[in-house]
Amino acid sequence: MADPMKIRAAANGGVTEVKVLMSHPMETGLRKDPSGAVIPAHYITDVTATHNGKPVLQCRLSQSVSQNPYLAFKFKGGAKGEKVQVSWVDNKGDKRTDEATIS
């Protein structure tokens, strides 16, 4: 299982800004290791963010995104003390879900 995501969420004027740092190797399947063998593809394919159980962001990523991707987005609503949950799934079926409290 991957390391926990670092999530920061802050509400200001009816808009919540979320910043997420996802720990993931994001291998393209094109690089080679020192012995010359191809490193298998391993990358995040789907990211979903929810607030109060309702999706506020859904996106698809591919192998063109760098290691440990950073994602920032805003949505209307959200109040201090409420939770934002971010989940990802990768091409190998691994999953990770973490949450943060809106400040």
# chains A, B, ... in the order shown; residues from 1 in each chain; ligands from 1
call {"tool": "residues_around", "arguments": {"residues": "Thr48 of chain A", "least_positions_apart": "4", "cutoff": "10 Å", "atoms": "only C-alpha atoms", "output": "JSON, numbers by chain"}}
result
{"A": [55, 56, 57, 58, 59, 60, 85, 86, 87, 88, 89, 97]}
call {"tool": "residues_around", "arguments": {"residues": "Asp3 of chain A", "least_positions_apart": "6", "cutoff": "10 Å", "atoms": "only C-alpha atoms", "output": "PyMOL selection string"}}
result
chain A and resi 22-24+96
call {"tool": "write_last_selection", "arguments": {"atoms": "N, CA, C and O atoms", "output": "PDB file, in the first residue's frame"}}
result
ATOM      1  N   MET A  22      -0.053  13.080  -3.805  1.00  0.00           N
ATOM      2  CA  MET A  22      -0.226  11.627  -3.807  1.00  0.00           C
ATOM      3  C   MET A  22       1.126  10.951  -3.947  1.00  0.00           C
ATOM      4  O   MET A  22       1.884  11.271  -4.856  1.00  0.00           O
ATOM      5  N   SER A  23       1.425  10.037  -3.056  1.00  0.00           N
ATOM      6  CA  SER A  23       2.683   9.304  -3.118  1.00  0.00           C
ATOM      7  C   SER A  23       2.490   8.083  -4.021  1.00  0.00           C
ATOM      8  O   SER A  23       1.753   7.158  -3.686  1.00  0.00           O
ATOM      9  N   HIS A  24       3.128   8.111  -5.199  1.00  0.00           N
ATOM     10  CA  HIS A  24       2.989   7.012  -6.156  1.00  0.00           C
ATOM     11  C   HIS A  24       4.148   7.061  -7.155  1.00  0.00           C
ATOM     12  O   HIS A  24       4.550   8.142  -7.580  1.00  0.00           O
ATOM     13  N   ARG A  96      -6.146   3.706  -2.766  1.00  0.00           N
ATOM     14  CA  ARG A  96      -5.797   4.475  -1.565  1.00  0.00           C
ATOM     15  C   ARG A  96      -6.883   5.508  -1.336  1.00  0.00           C
ATOM     16  O   ARG A  96      -7.349   6.154  -2.275  1.00  0.00           O
TER      17      ARG A  96
END
call {"tool": "residues_around", "arguments": {"residues": "Val15 of chain A", "least_positions_apart": "2", "cutoff": "7 Å", "atoms": "only C-alpha atoms", "output": "ChimeraX atom specification"}}
result
/A:11-13,17,74-78
call {"tool": "select_by_dssp", "arguments": {"residues": "chain A", "states": "strand (DSSP E or B)", "output": "ChimeraX atom specification"}}
result
/A:6-12,15-21,27,32,38,42,44-51,54-60,70-76,83-90,95-101
call {"tool": "residues_around", "arguments": {"residues": "segment 4-7 of chain A", "least_positions_apart": "3", "cutoff": "7 Å", "atoms": "only C-alpha atoms", "output": "ChimeraX atom specification"}}
result
/A:19-23,98,100
call {"tool": "write_last_selection", "arguments": {"atoms": "all heavy atoms", "output": "short mmCIF file (atom, residue, chain, number, x, y, z; two decimals), in the first residue's frame"}}
result
data_model
loop_
_atom_site.label_atom_id
_atom_site.label_comp_id
_atom_site.auth_asym_id
_atom_site.auth_seq_id
_atom_site.Cartn_x
_atom_site.Cartn_y
_atom_site.Cartn_z
N LYS A 19 -5.74 20.84 -1.74
CA LYS A 19 -4.42 20.54 -2.31
C LYS A 19 -4.04 19.14 -1.88
O LYS A 19 -4.11 18.81 -0.70
CB LYS A 19 -3.38 21.55 -1.82
CG LYS A 19 -3.69 22.97 -2.23
CD LYS A 19 -2.69 23.94 -1.64
CE LYS A 19 -3.05 25.36 -2.03
NZ LYS A 19 -2.10 26.33 -1.45
N VAL A 20 -3.65 18.31 -2.86
CA VAL A 20 -3.35 16.90 -2.58
C VAL A 20 -1.99 16.53 -3.17
O VAL A 20 -1.72 16.82 -4.33
CB VAL A 20 -4.43 15.98 -3.22
CG1 VAL A 20 -4.18 14.53 -2.85
CG2 VAL A 20 -5.82 16.42 -2.83
N LEU A 21 -1.17 15.88 -2.38
CA LEU A 21 0.09 15.31 -2.84
C LEU A 21 -0.04 13.80 -2.68
O LEU A 21 -0.16 13.29 -1.56
CB LEU A 21 1.28 15.84 -2.05
CG LEU A 21 2.64 15.35 -2.49
CD1 LEU A 21 2.95 15.77 -3.93
CD2 LEU A 21 3.71 15.86 -1.56
N MET A 22 -0.05 13.08 -3.80
CA MET A 22 -0.23 11.63 -3.81
C MET A 22 1.13 10.95 -3.95
O MET A 22 1.88 11.27 -4.86
CB MET A 22 -1.14 11.21 -4.97
CG MET A 22 -2.52 11.79 -4.88
SD MET A 22 -3.50 11.48 -6.36
CE MET A 22 -3.29 13.06 -7.18
N SER A 23 1.43 10.04 -3.06
CA SER A 23 2.68 9.30 -3.12
C SER A 23 2.49 8.08 -4.02
O SER A 23 1.75 7.16 -3.69
CB SER A 23 3.08 8.87 -1.71
OG SER A 23 4.24 8.11 -1.73
N ASP A 98 -7.81 8.69 1.54
CA ASP A 98 -7.45 9.47 2.72
C ASP A 98 -8.42 10.63 2.83
O ASP A 98 -9.09 10.98 1.84
CB ASP A 98 -6.01 9.98 2.63
CG ASP A 98 -5.01 8.86 2.74
OD1 ASP A 98 -4.98 8.18 3.77
OD2 ASP A 98 -4.23 8.66 1.77
N ALA A 100 -9.26 14.64 4.89
CA ALA A 100 -8.76 15.79 5.63
C ALA A 100 -9.94 16.60 6.12
O ALA A 100 -11.02 16.59 5.52
CB ALA A 100 -7.87 16.65 4.76
#
call {"tool": "closest_residue", "arguments": {"among": "A:Arg31, A:Lys95, A:His42, A:Arg8", "to": "Gln63 of chain A", "atoms": "only C-alpha atoms"}}
result
A:His42
call {"tool": "residues_around", "arguments": {"residues": "Leu30 of chain A", "least_positions_apart": "2", "cutoff": "9 Å", "atoms": "only C-alpha atoms", "output": "number ranges by chain"}}
result
A: 27-28, 32, 38-41
call {"tool": "residues_around", "arguments": {"residues": "Ser103 of chain A", "least_positions_apart": "6", "cutoff": "8 Å", "atoms": "only C-alpha atoms", "output": "list in words"}}
result
Ala9, Ala10, Ala11, Ala79, Lys80 and Gly81 of chain A
call {"tool": "decode", "arguments": {"residues": "segment 69-93 of chain A", "atoms": "N, CA and C atoms", "output": "mmCIF file, in the first residue's frame"}}
result
data_model
loop_
_atom_site.group_PDB
_atom_site.id
_atom_site.type_symbol
_atom_site.label_atom_id
_atom_site.label_comp_id
_atom_site.auth_asym_id
_atom_site.auth_seq_id
_atom_site.Cartn_x
_atom_site.Cartn_y
_atom_site.Cartn_z
ATOM 1 N N PRO A 69 2.235 12.729 -7.891
ATOM 2 C CA PRO A 69 1.463 13.829 -8.475
ATOM 3 C C PRO A 69 0.856 14.766 -7.434
ATOM 4 N N TYR A 70 0.816 16.031 -7.807
ATOM 5 C CA TYR A 70 0.201 17.088 -7.007
ATOM 6 C C TYR A 70 -1.058 17.544 -7.737
ATOM 7 N N LEU A 71 -2.150 17.674 -7.000
ATOM 8 C CA LEU A 71 -3.419 18.080 -7.580
ATOM 9 C C LEU A 71 -4.039 19.143 -6.688
ATOM 10 N N ALA A 72 -4.491 20.238 -7.278
ATOM 11 C CA ALA A 72 -5.169 21.299 -6.527
ATOM 12 C C ALA A 72 -6.455 21.637 -7.263
ATOM 13 N N PHE A 73 -7.532 21.833 -6.501
ATOM 14 C CA PHE A 73 -8.819 22.177 -7.100
ATOM 15 C C PHE A 73 -9.665 22.925 -6.072
ATOM 16 N N LYS A 74 -10.719 23.559 -6.558
ATOM 17 C CA LYS A 74 -11.653 24.296 -5.706
ATOM 18 C C LYS A 74 -13.064 23.823 -5.999
ATOM 19 N N PHE A 75 -13.922 23.907 -4.991
ATOM 20 C CA PHE A 75 -15.341 23.626 -5.195
ATOM 21 C C PHE A 75 -16.173 24.538 -4.307
ATOM 22 N N LYS A 76 -17.389 24.795 -4.748
ATOM 23 C CA LYS A 76 -18.288 25.638 -3.969
ATOM 24 C C LYS A 76 -18.854 24.830 -2.819
ATOM 25 N N GLY A 77 -18.918 25.473 -1.662
ATOM 26 C CA GLY A 77 -19.427 24.804 -0.473
ATOM 27 C C GLY A 77 -18.293 24.373 0.428
ATOM 28 N N GLY A 78 -18.648 23.640 1.443
ATOM 29 C CA GLY A 78 -17.670 23.186 2.419
ATOM 30 C C GLY A 78 -17.549 24.188 3.545
ATOM 31 N N ALA A 79 -17.528 23.681 4.751
ATOM 32 C CA ALA A 79 -17.409 24.526 5.933
ATOM 33 C C ALA A 79 -16.314 23.972 6.830
ATOM 34 N N LYS A 80 -15.767 24.831 7.642
ATOM 35 C CA LYS A 80 -14.715 24.418 8.563
ATOM 36 C C LYS A 80 -15.227 23.275 9.429
ATOM 37 N N GLY A 81 -14.384 22.256 9.578
ATOM 38 C CA GLY A 81 -14.725 21.093 10.389
ATOM 39 C C GLY A 81 -15.303 19.932 9.590
ATOM 40 N N GLU A 82 -15.758 20.179 8.355
ATOM 41 C CA GLU A 82 -16.270 19.098 7.521
ATOM 42 C C GLU A 82 -15.098 18.345 6.885
ATOM 43 N N LYS A 83 -15.390 17.166 6.346
ATOM 44 C CA LYS A 83 -14.350 16.301 5.779
ATOM 45 C C LYS A 83 -14.373 16.309 4.258
ATOM 46 N N VAL A 84 -13.190 16.204 3.676
ATOM 47 C CA VAL A 84 -13.006 15.991 2.247
ATOM 48 C C VAL A 84 -12.235 14.678 2.119
ATOM 49 N N GLN A 85 -12.719 13.797 1.253
ATOM 50 C CA GLN A 85 -12.090 12.500 1.069
ATOM 51 C C GLN A 85 -11.571 12.386 -0.364
ATOM 52 N N VAL A 86 -10.335 11.918 -0.514
ATOM 53 C CA VAL A 86 -9.724 11.746 -1.837
ATOM 54 C C VAL A 86 -9.327 10.284 -1.985
ATOM 55 N N SER A 87 -9.671 9.697 -3.139
ATOM 56 C CA SER A 87 -9.360 8.297 -3.431
ATOM 57 C C SER A 87 -8.712 8.193 -4.798
ATOM 58 N N TRP A 88 -7.812 7.216 -4.946
ATOM 59 C CA TRP A 88 -7.266 6.923 -6.265
ATOM 60 C C TRP A 88 -7.217 5.428 -6.476
ATOM 61 N N VAL A 89 -7.185 5.030 -7.752
ATOM 62 C CA VAL A 89 -7.026 3.643 -8.175
ATOM 63 C C VAL A 89 -5.947 3.643 -9.250
ATOM 64 N N ASP A 90 -5.049 2.643 -9.208
ATOM 65 C CA ASP A 90 -4.020 2.608 -10.252
ATOM 66 C C ASP A 90 -4.240 1.443 -11.220
ATOM 67 N N ASN A 91 -3.398 1.356 -12.228
ATOM 68 C CA ASN A 91 -3.578 0.364 -13.285
ATOM 69 C C ASN A 91 -3.346 -1.069 -12.812
ATOM 70 N N LYS A 92 -2.818 -1.254 -11.617
ATOM 71 C CA LYS A 92 -2.641 -2.595 -11.058
ATOM 72 C C LYS A 92 -3.750 -2.960 -10.084
ATOM 73 N N GLY A 93 -4.719 -2.050 -9.910
ATOM 74 C CA GLY A 93 -5.838 -2.311 -9.005
ATOM 75 C C GLY A 93 -5.597 -1.865 -7.573
#
